[in-house]
Every structure is written in C-alpha cells, then in structure tokens.
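The file target-v2.cif contains mmCIF, C-alpha atoms and all ligand atoms:
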data_run
#
loop_
_atom_site.label_atom_id
_atom_site.label_comp_id
_atom_site.auth_asym_id
_atom_site.auth_seq_id
_atom_site.Cartn_x
_atom_site.Cartn_y
_atom_site.Cartn_z
CA MET K 498 -17.66 20.21 28.41
CA PRO K 499 -21.14 18.63 28.13
CA ALA K 500 -22.40 17.19 31.41
CA GLY K 501 -21.75 13.51 31.96
CA ASP K 502 -19.37 13.21 29.05
CA SER K 503 -16.07 14.10 30.66
CA ALA K 504 -15.00 10.43 30.70
CA GLY K 505 -15.99 9.78 27.07
CA ILE K 506 -12.47 9.55 25.66
CA GLY K 507 -10.74 6.34 26.64
CA GLY K 508 -7.59 6.44 24.54
CA TRP K 509 -5.36 8.84 22.65
CA LEU K 510 -2.67 8.36 20.01
CA LYS K 511 -0.92 11.71 20.00
CA HIS K 512 0.17 11.64 16.38
CA SER K 513 -0.25 9.34 13.44
CA PHE K 514 0.82 9.36 9.81
CA ILE K 515 -1.48 6.53 8.71
CA ASP K 516 -4.95 7.02 10.19
CA PHE K 517 -6.13 10.02 8.14
CA PRO K 518 -5.30 10.08 4.40
CA ALA K 519 -2.73 12.75 3.49
CA THR K 520 -3.01 14.25 6.98
CA VAL K 521 -0.86 14.16 10.11
CA SER K 522 -3.42 13.46 12.78
CA THR K 523 -4.09 12.92 16.43
CA VAL K 524 -6.42 9.99 17.19
CA LEU K 525 -9.04 10.00 19.95
CA PHE K 526 -10.70 6.73 20.96
CA PHE K 527 -14.17 7.10 22.46
CA ARG K 528 -15.53 4.63 24.98
CA GLY K 529 -18.47 2.31 24.49
CA CYS K 530 -19.97 0.61 21.46
CA ASN K 531 -23.42 -0.49 20.26
CA LEU K 532 -21.88 -3.71 18.87
CA ARG K 533 -19.85 -6.54 20.38
CA CYS K 534 -17.82 -7.85 17.44
CA PRO K 535 -15.99 -10.92 18.76
CA TYR K 536 -12.85 -9.91 16.86
CA CYS K 537 -12.74 -6.42 18.35
CA HIS K 538 -9.24 -5.46 19.46
CA ASN K 539 -10.44 -2.77 21.88
CA PRO K 540 -12.26 -4.62 24.69
CA LEU K 541 -11.39 -2.00 27.32
CA LEU K 542 -12.82 0.76 25.15
CA VAL K 543 -15.94 -1.22 24.30
CA ASN K 544 -16.51 -2.12 27.95
CA GLY K 545 -15.96 1.50 28.92
CA THR K 546 -13.03 0.91 31.25
CA ALA K 547 -10.22 2.51 29.19
CA GLY K 548 -8.99 5.97 30.12
CA PRO K 549 -10.31 8.49 30.85
CA ILE K 550 -8.33 11.04 28.85
CA ALA K 551 -8.78 14.70 29.77
CA PHE K 552 -9.90 16.58 26.66
CA ASP K 553 -8.28 19.79 27.95
CA GLU K 554 -4.94 18.02 27.75
CA VAL K 555 -5.65 17.07 24.13
CA VAL K 556 -6.53 20.67 23.27
CA SER K 557 -3.42 22.10 24.85
CA TYR K 558 -1.27 19.52 23.03
CA LEU K 559 -2.88 20.47 19.71
CA GLU K 560 -2.41 24.18 20.41
CA ARG K 561 1.30 23.58 20.90
CA ARG K 562 1.47 21.66 17.62
CA ARG K 563 -0.41 24.00 15.33
CA GLY K 564 0.94 23.65 11.82
CA ILE K 565 2.33 20.16 12.55
CA ILE K 566 -0.82 18.18 13.29
CA ASP K 567 -3.57 19.12 10.84
CA GLY K 568 -6.31 16.64 11.57
CA ALA K 569 -8.04 14.62 14.28
CA VAL K 570 -9.47 11.12 13.95
CA LEU K 571 -12.53 10.51 16.13
CA SER K 572 -12.57 6.76 16.60
CA GLY K 573 -13.55 4.17 19.17
CA GLY K 574 -15.31 2.16 20.39
CA GLU K 575 -18.15 3.92 18.62
CA PRO K 576 -17.78 7.71 18.78
CA THR K 577 -21.30 8.48 17.54
CA LEU K 578 -22.76 7.15 20.81
CA HIS K 579 -21.52 10.38 22.42
CA ARG K 580 -24.34 12.58 21.22
CA GLU K 581 -23.24 15.67 23.12
CA MET K 582 -19.53 15.22 23.52
CA LEU K 583 -18.71 14.26 19.93
CA PRO K 584 -19.98 17.52 18.35
CA PHE K 585 -18.39 19.47 21.21
CA VAL K 586 -15.01 17.82 20.63
CA ALA K 587 -15.27 18.23 16.85
CA ASP K 588 -16.17 21.93 17.12
CA ARG K 589 -13.34 22.64 19.53
CA ILE K 590 -10.84 20.83 17.32
CA ARG K 591 -12.11 22.62 14.22
CA SER K 592 -11.71 25.92 16.03
CA LEU K 593 -7.99 25.12 16.09
CA GLY K 594 -8.02 24.85 12.30
CA LEU K 595 -7.86 21.04 12.15
CA LYS K 596 -9.85 18.71 9.89
CA ILE K 597 -11.99 15.89 11.28
CA LYS K 598 -12.09 12.25 10.26
CA LEU K 599 -14.80 10.02 11.72
CA ASP K 600 -14.44 6.24 12.13
CA THR K 601 -17.85 4.64 12.65
CA ASN K 602 -19.88 1.48 12.25
CA GLY K 603 -22.59 3.60 10.61
CA LEU K 604 -25.47 2.59 12.85
CA LEU K 605 -26.22 6.21 13.80
CA PRO K 606 -26.21 8.01 10.44
CA GLY K 607 -27.84 11.11 11.91
CA MET K 608 -24.68 11.68 13.92
CA ILE K 609 -22.58 11.50 10.75
CA ASP K 610 -24.83 14.09 9.13
CA ASN K 611 -24.59 16.35 12.18
CA LEU K 612 -20.83 16.10 12.37
CA SER K 613 -20.16 16.56 8.62
CA PRO K 614 -16.68 15.08 8.87
CA ASP K 615 -14.02 16.04 6.34
CA TYR K 616 -13.30 12.33 5.89
CA LEU K 617 -15.42 9.30 6.78
CA ALA K 618 -14.39 5.67 7.31
CA LEU K 619 -17.37 3.35 7.58
CA ASP K 620 -16.92 -0.20 8.88
CA LEU K 621 -19.25 -2.70 7.23
CA LYS K 622 -19.34 -5.91 9.27
CA THR K 623 -21.59 -8.40 7.49
CA LEU K 624 -25.13 -8.51 6.07
CA PRO K 625 -27.40 -6.12 8.00
CA SER K 626 -29.63 -9.12 8.86
CA ARG K 627 -26.70 -10.65 10.77
CA TYR K 628 -25.83 -7.69 13.01
CA GLY K 629 -27.70 -9.40 15.86
CA GLU K 630 -24.82 -11.91 15.91
CA LEU K 631 -22.53 -8.94 16.57
CA GLY K 632 -24.53 -7.81 19.57
CA TRP K 633 -26.83 -5.28 17.82
CA ARG K 634 -29.97 -4.85 19.92
CA GLY K 635 -31.55 -1.99 17.98
CA GLY K 636 -33.89 -4.18 15.90
CA ALA K 637 -34.76 -3.86 12.24
CA ASP K 638 -33.53 -0.25 11.91
CA CYS K 639 -30.09 -1.68 11.33
CA GLU K 640 -30.46 -2.13 7.58
CA ALA K 641 -31.97 1.33 7.05
CA ALA K 642 -29.19 2.88 9.14
CA ILE K 643 -26.43 1.14 7.21
CA LEU K 644 -27.95 1.99 3.83
CA ARG K 645 -28.29 5.63 4.89
CA SER K 646 -24.66 5.70 6.01
CA LEU K 647 -23.59 4.17 2.70
CA SER K 648 -25.44 6.90 0.86
CA ILE K 649 -23.43 9.46 2.86
CA VAL K 650 -20.24 7.61 1.86
CA ARG K 651 -21.30 7.84 -1.82
CA SER K 652 -22.08 11.53 -1.53
CA MET K 653 -18.62 12.22 -0.04
CA GLY K 654 -16.79 10.70 -3.02
CA ARG K 655 -13.03 10.64 -2.53
CA ASN K 656 -13.41 11.76 1.09
CA ALA K 657 -14.92 8.52 2.30
CA GLU K 658 -14.12 4.83 2.39
CA VAL K 659 -15.73 1.56 3.42
CA ARG K 660 -13.70 -0.94 5.46
CA ILE K 661 -14.47 -4.62 5.84
CA THR K 662 -12.77 -6.88 8.37
CA MET K 663 -12.36 -10.24 6.64
CA ALA K 664 -13.38 -12.46 9.54
CA ALA K 665 -14.41 -15.84 8.13
CA PRO K 666 -17.78 -16.41 9.85
CA PHE K 667 -19.08 -12.97 8.92
CA ILE K 668 -17.81 -12.59 5.35
CA ARG K 669 -18.70 -15.43 2.99
CA GLU K 670 -19.71 -15.65 -0.69
CA ILE K 671 -23.26 -14.65 0.19
CA GLU K 672 -22.11 -11.46 1.94
CA ILE K 673 -19.81 -10.51 -0.94
CA GLU K 674 -22.61 -11.00 -3.47
CA ALA K 675 -24.93 -8.80 -1.38
CA PHE K 676 -22.22 -6.16 -0.96
CA MET K 677 -21.93 -5.96 -4.75
CA THR K 678 -25.37 -4.38 -4.77
CA MET K 679 -25.15 -2.50 -1.48
CA LEU K 680 -21.82 -0.86 -2.34
CA GLN K 681 -22.48 0.24 -5.90
CA GLY K 682 -21.28 3.80 -6.40
CA VAL K 683 -18.86 3.64 -3.46
CA ARG K 684 -15.45 4.89 -4.46
CA VAL K 685 -13.12 2.78 -2.37
CA VAL K 686 -13.40 -0.35 -0.23
CA TYR K 687 -10.56 -1.63 1.93
CA MET K 688 -10.56 -5.23 3.07
CA GLN K 689 -8.63 -5.84 6.28
CA PRO K 690 -7.59 -9.42 7.13
CA PHE K 691 -8.65 -10.60 10.57
CA ARG K 692 -5.62 -10.80 12.84
CA VAL K 693 -5.00 -11.74 16.43
CA SER K 694 -2.75 -9.07 17.87
CA GLY K 695 -3.42 -8.60 21.54
CA GLU K 696 -6.63 -9.22 23.39
CA LEU K 697 -9.91 -9.90 21.56
CA LEU K 698 -13.35 -9.06 22.89
CA ASP K 699 -14.12 -12.79 22.59
CA PRO K 700 -10.84 -14.68 23.10
CA LYS K 701 -12.42 -17.87 21.71
CA PHE K 702 -12.83 -16.15 18.36
CA ALA K 703 -9.07 -16.30 17.76
CA ASP K 704 -9.46 -19.79 16.27
CA ARG K 705 -12.56 -18.98 14.18
CA GLY K 706 -11.82 -15.76 12.36
CA TYR K 707 -8.99 -16.69 10.01
CA MET K 708 -9.56 -16.36 6.26
CA ALA K 709 -6.99 -17.64 3.76
CA PRO K 710 -5.22 -14.93 1.70
CA GLU K 711 -6.36 -16.55 -1.57
CA THR K 712 -9.99 -16.30 -0.41
CA ILE K 713 -9.53 -12.64 0.48
CA ARG K 714 -8.00 -11.96 -2.95
CA ARG K 715 -10.88 -13.78 -4.65
CA PHE K 716 -13.43 -11.72 -2.71
CA ARG K 717 -11.50 -8.54 -3.52
CA ASP K 718 -11.54 -9.33 -7.24
CA ARG K 719 -15.26 -10.06 -7.10
CA LEU K 720 -16.19 -6.86 -5.25
CA ALA K 721 -13.85 -4.79 -7.45
CA VAL K 722 -16.36 -5.36 -10.26
CA ALA K 723 -18.97 -3.33 -8.38
CA VAL K 724 -16.99 -0.46 -6.85
CA GLU K 725 -14.46 1.98 -8.21
CA ARG K 726 -11.58 0.51 -6.21
CA CYS K 727 -11.27 -2.45 -3.86
CA GLU K 728 -7.98 -3.15 -2.09
CA VAL K 729 -6.65 -5.39 0.63
CA ARG K 730 -4.80 -3.59 3.41
CA GLY K 731 -2.11 -5.18 5.47
CA MET K 732 -1.70 -8.56 3.75
CA GLU K 733 1.48 -9.54 1.78
S1 LIG P 801 -14.88 -3.69 16.22
FE1 LIG P 801 -15.70 -1.61 16.30
S2 LIG P 801 -17.92 -1.87 16.11
FE2 LIG P 801 -17.09 -3.86 16.71
S3 LIG P 801 -17.20 -3.92 18.96
FE3 LIG P 801 -15.16 -3.13 18.41
S4 LIG P 801 -15.36 -0.93 18.40
FE4 LIG P 801 -17.44 -1.79 18.31
#

Structure encoded using structure tokens:
Amino acid sequence: MPAGDSAGIGGWLKHSFIDFPATVSTVLFFRGCNLRCPYCHNPLLVNGTAGPIAFDEVVSYLERRRGIIDGAVLSGGEPTLHREMLPFVADRIRSLGLKIKLDTNGLLPGMIDNLSPDYLALDLKTLPSRYGELGWRGGADCEAAILRSLSIVRSMGRNAEVRITMAAPFIREIEIEAFMTMLQGVRVVYMQPFRVSGELLDPKFADRGYMAPETIRRFRDRLAVAVERCEVRGME
C-alpha cells in the first residue's frame, strides 16, 4: 500500500448491478475532491471524514467472489486525487481479473491516461469558465483539462459516457449551446435531474437546484442534435 494513502477509501458498495454497464461491480468511493459542488450528495467523502475502508478487506471479498463480480468502479469524491493509491488499487483489482470503471470530474486528465480504465464516466458540471463557482481553485487550466478529458471520452467510443447533473443555476441555455460544440463526437450523454435525497454539501442549495422536467427534456432534445445519443436518467 502506498505510504499515506491507507485511508483513501471512504466508502464501499460491495456489489452493484447498475454502476458499470453490463458488469456486476463493486464500488469504491475515494475521499476528497478538488470541487465543492453545492448539490454534492457525498459531503463526508468530500470533506474526507467518511471511512476509512481497509483495501485488504476489499481484496479478500473480491477473491471470494471471483466469477461473480467482474468489475470495480473507482468513484468518489474524486478518485484521481489519489495519485499513488488509485493506480495501486486498479492494478491489484486487475490482477484479480476484474475490469475497471473510473468516475471522474475530468480535471486531472493525466490520471485518466495513466489508469486506462475499461470504462470512463466523466461528469461535466457547467461551462469551464464557471468552475470557480464550484470551488475550483486550479486557475485557467480548467478548460484545457476538461477538453483533454473529453477527447479521451471520444477516443474510448462506446466505453465512455458524459454525465451532466441538471442543477438549474449551472445548466442554462448558454451552457447547453456551448456543450453542443464541446461535446461533438461524444457517443453518449446522460442528463441526471438534480434531486435532494439525503444531505447536500450546501444544504441551502436544496431550494435552488430544481429544474422542471420539460426544461430538461428540451435541453436533451437540443443536445441530442450534437451527440450520438442524449438521454435523461432517472426522471419519469
Ligand atoms: S459532486 Fe462530485 S465533483 Fe462535485 S463535490 Fe461532489 S464528489 Fe466532488
């Protein structure tokens, strides 16, 4: 285990049928994040107080379920912040014959390249110029990082997706119009309605995030012109 990283995993869903396409998976939630989205449903992970989960326990569970669980989702928080532990965890899991899916906000594209996940889910939050409103403190590199991550998504074809949380202040007409250019060549985009289920990172955001279903459908139809497939998940 890389030094200093033993407490990197803050949560663990032992098995899931829905988090990794066509794969029964285990889901590991890494602590910490380089954003502070007000609608985030994982405040304990983002603040680094969830867990810790012992990775040895995860490995022994997966060894006992060889042939049943065939993939692992590395999620968060933001897993790519764990520069040493993430590749270590991925290598160990791959050594058990499992595939890797990475969930990321795409702000550290070099980590995506290094990991070479079998499946990639990239969360796009708003216009790159607005990431400061989400707590990004990395400066102007944000846009370059997101565009680089989107090019990885394109290169992965059917093994990658873009996800957009439809939180009203961050997704408006102007964002959708910009996404039509940014997302050209992306195979699939999933829009996820903002919901209040449990604690939010910013509890006051509960009253500000709602977007009407007809608006989400209109945005979906607009963006569907630019990408191969655009769907809404978890509405209706
Ligand atoms: S929603 Fe994702 S990117 Fe935003 S603060 Fe939460 S874990 Fe970080």

Practice prompt. Considering all atoms listed in the file, return as a ChimeraX atom specification whatever protein or nucleic-acid residues lie within 9 Å of region 725-730 of chain K, sequence-local ones (same chain, fewer than 5 positions apart) excluded.
Written response: /K:681-690,713-714,717-718,720

Worksheet item: Which value, in Å to one decimal, gives the distance between CA of Lys622 (chain K) and CA of Pro518 (chain K)?
Response: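 We find that CA of Lys622 (chain K) and CA of Pro518 (chain K) lie 21.8 Å from each other.
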
What residues of the protein or nucleic acid chains come within 6 Å of ligand LIG 801 (chain P) when you use all atoms listed in the file? Reply as a PDB file with C-alpha atoms, keeping the file's coordinate frame.
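Printed below is out11.pdb as written:
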ATOM      1  CA  CYS K 530     -19.970   0.610  21.460  1.00  0.00           C
ATOM      2  CA  LEU K 532     -21.880  -3.710  18.870  1.00  0.00           C
ATOM      3  CA  ARG K 533     -19.850  -6.540  20.380  1.00  0.00           C
ATOM      4  CA  CYS K 534     -17.820  -7.850  17.440  1.00  0.00           C
ATOM      5  CA  CYS K 537     -12.740  -6.420  18.350  1.00  0.00           C
ATOM      6  CA  ASN K 539     -10.440  -2.770  21.880  1.00  0.00           C
ATOM      7  CA  VAL K 543     -15.940  -1.220  24.300  1.00  0.00           C
ATOM      8  CA  GLY K 573     -13.550   4.170  19.170  1.00  0.00           C
ATOM      9  CA  GLY K 574     -15.310   2.160  20.390  1.00  0.00           C
ATOM     10  CA  GLU K 575     -18.150   3.920  18.620  1.00  0.00           C
ATOM     11  CA  ASN K 602     -19.880   1.480  12.250  1.00  0.00           C
TER      12      ASN K 602
END

Item to complete: Could you jot down the CA of Ala665 (chain K) to CA of Phe716 (chain K) separation for me, Å, one decimal place?
Response: 11.6 Å

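The residue that comes closest to Ser694 (chain K), out of K:Ile590, K:Arg655, K:Ser572, K:His538 and on the basis of all atoms listed in the file, is K:His538.
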
Worksheet item: In Å, with one decimal, what is the gap from CA of Leu621 (chain K) to CA of Val650 (chain K)?
Response: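 CA of Val650 (chain K) lies 11.7 Å from CA of Leu621 (chain K).
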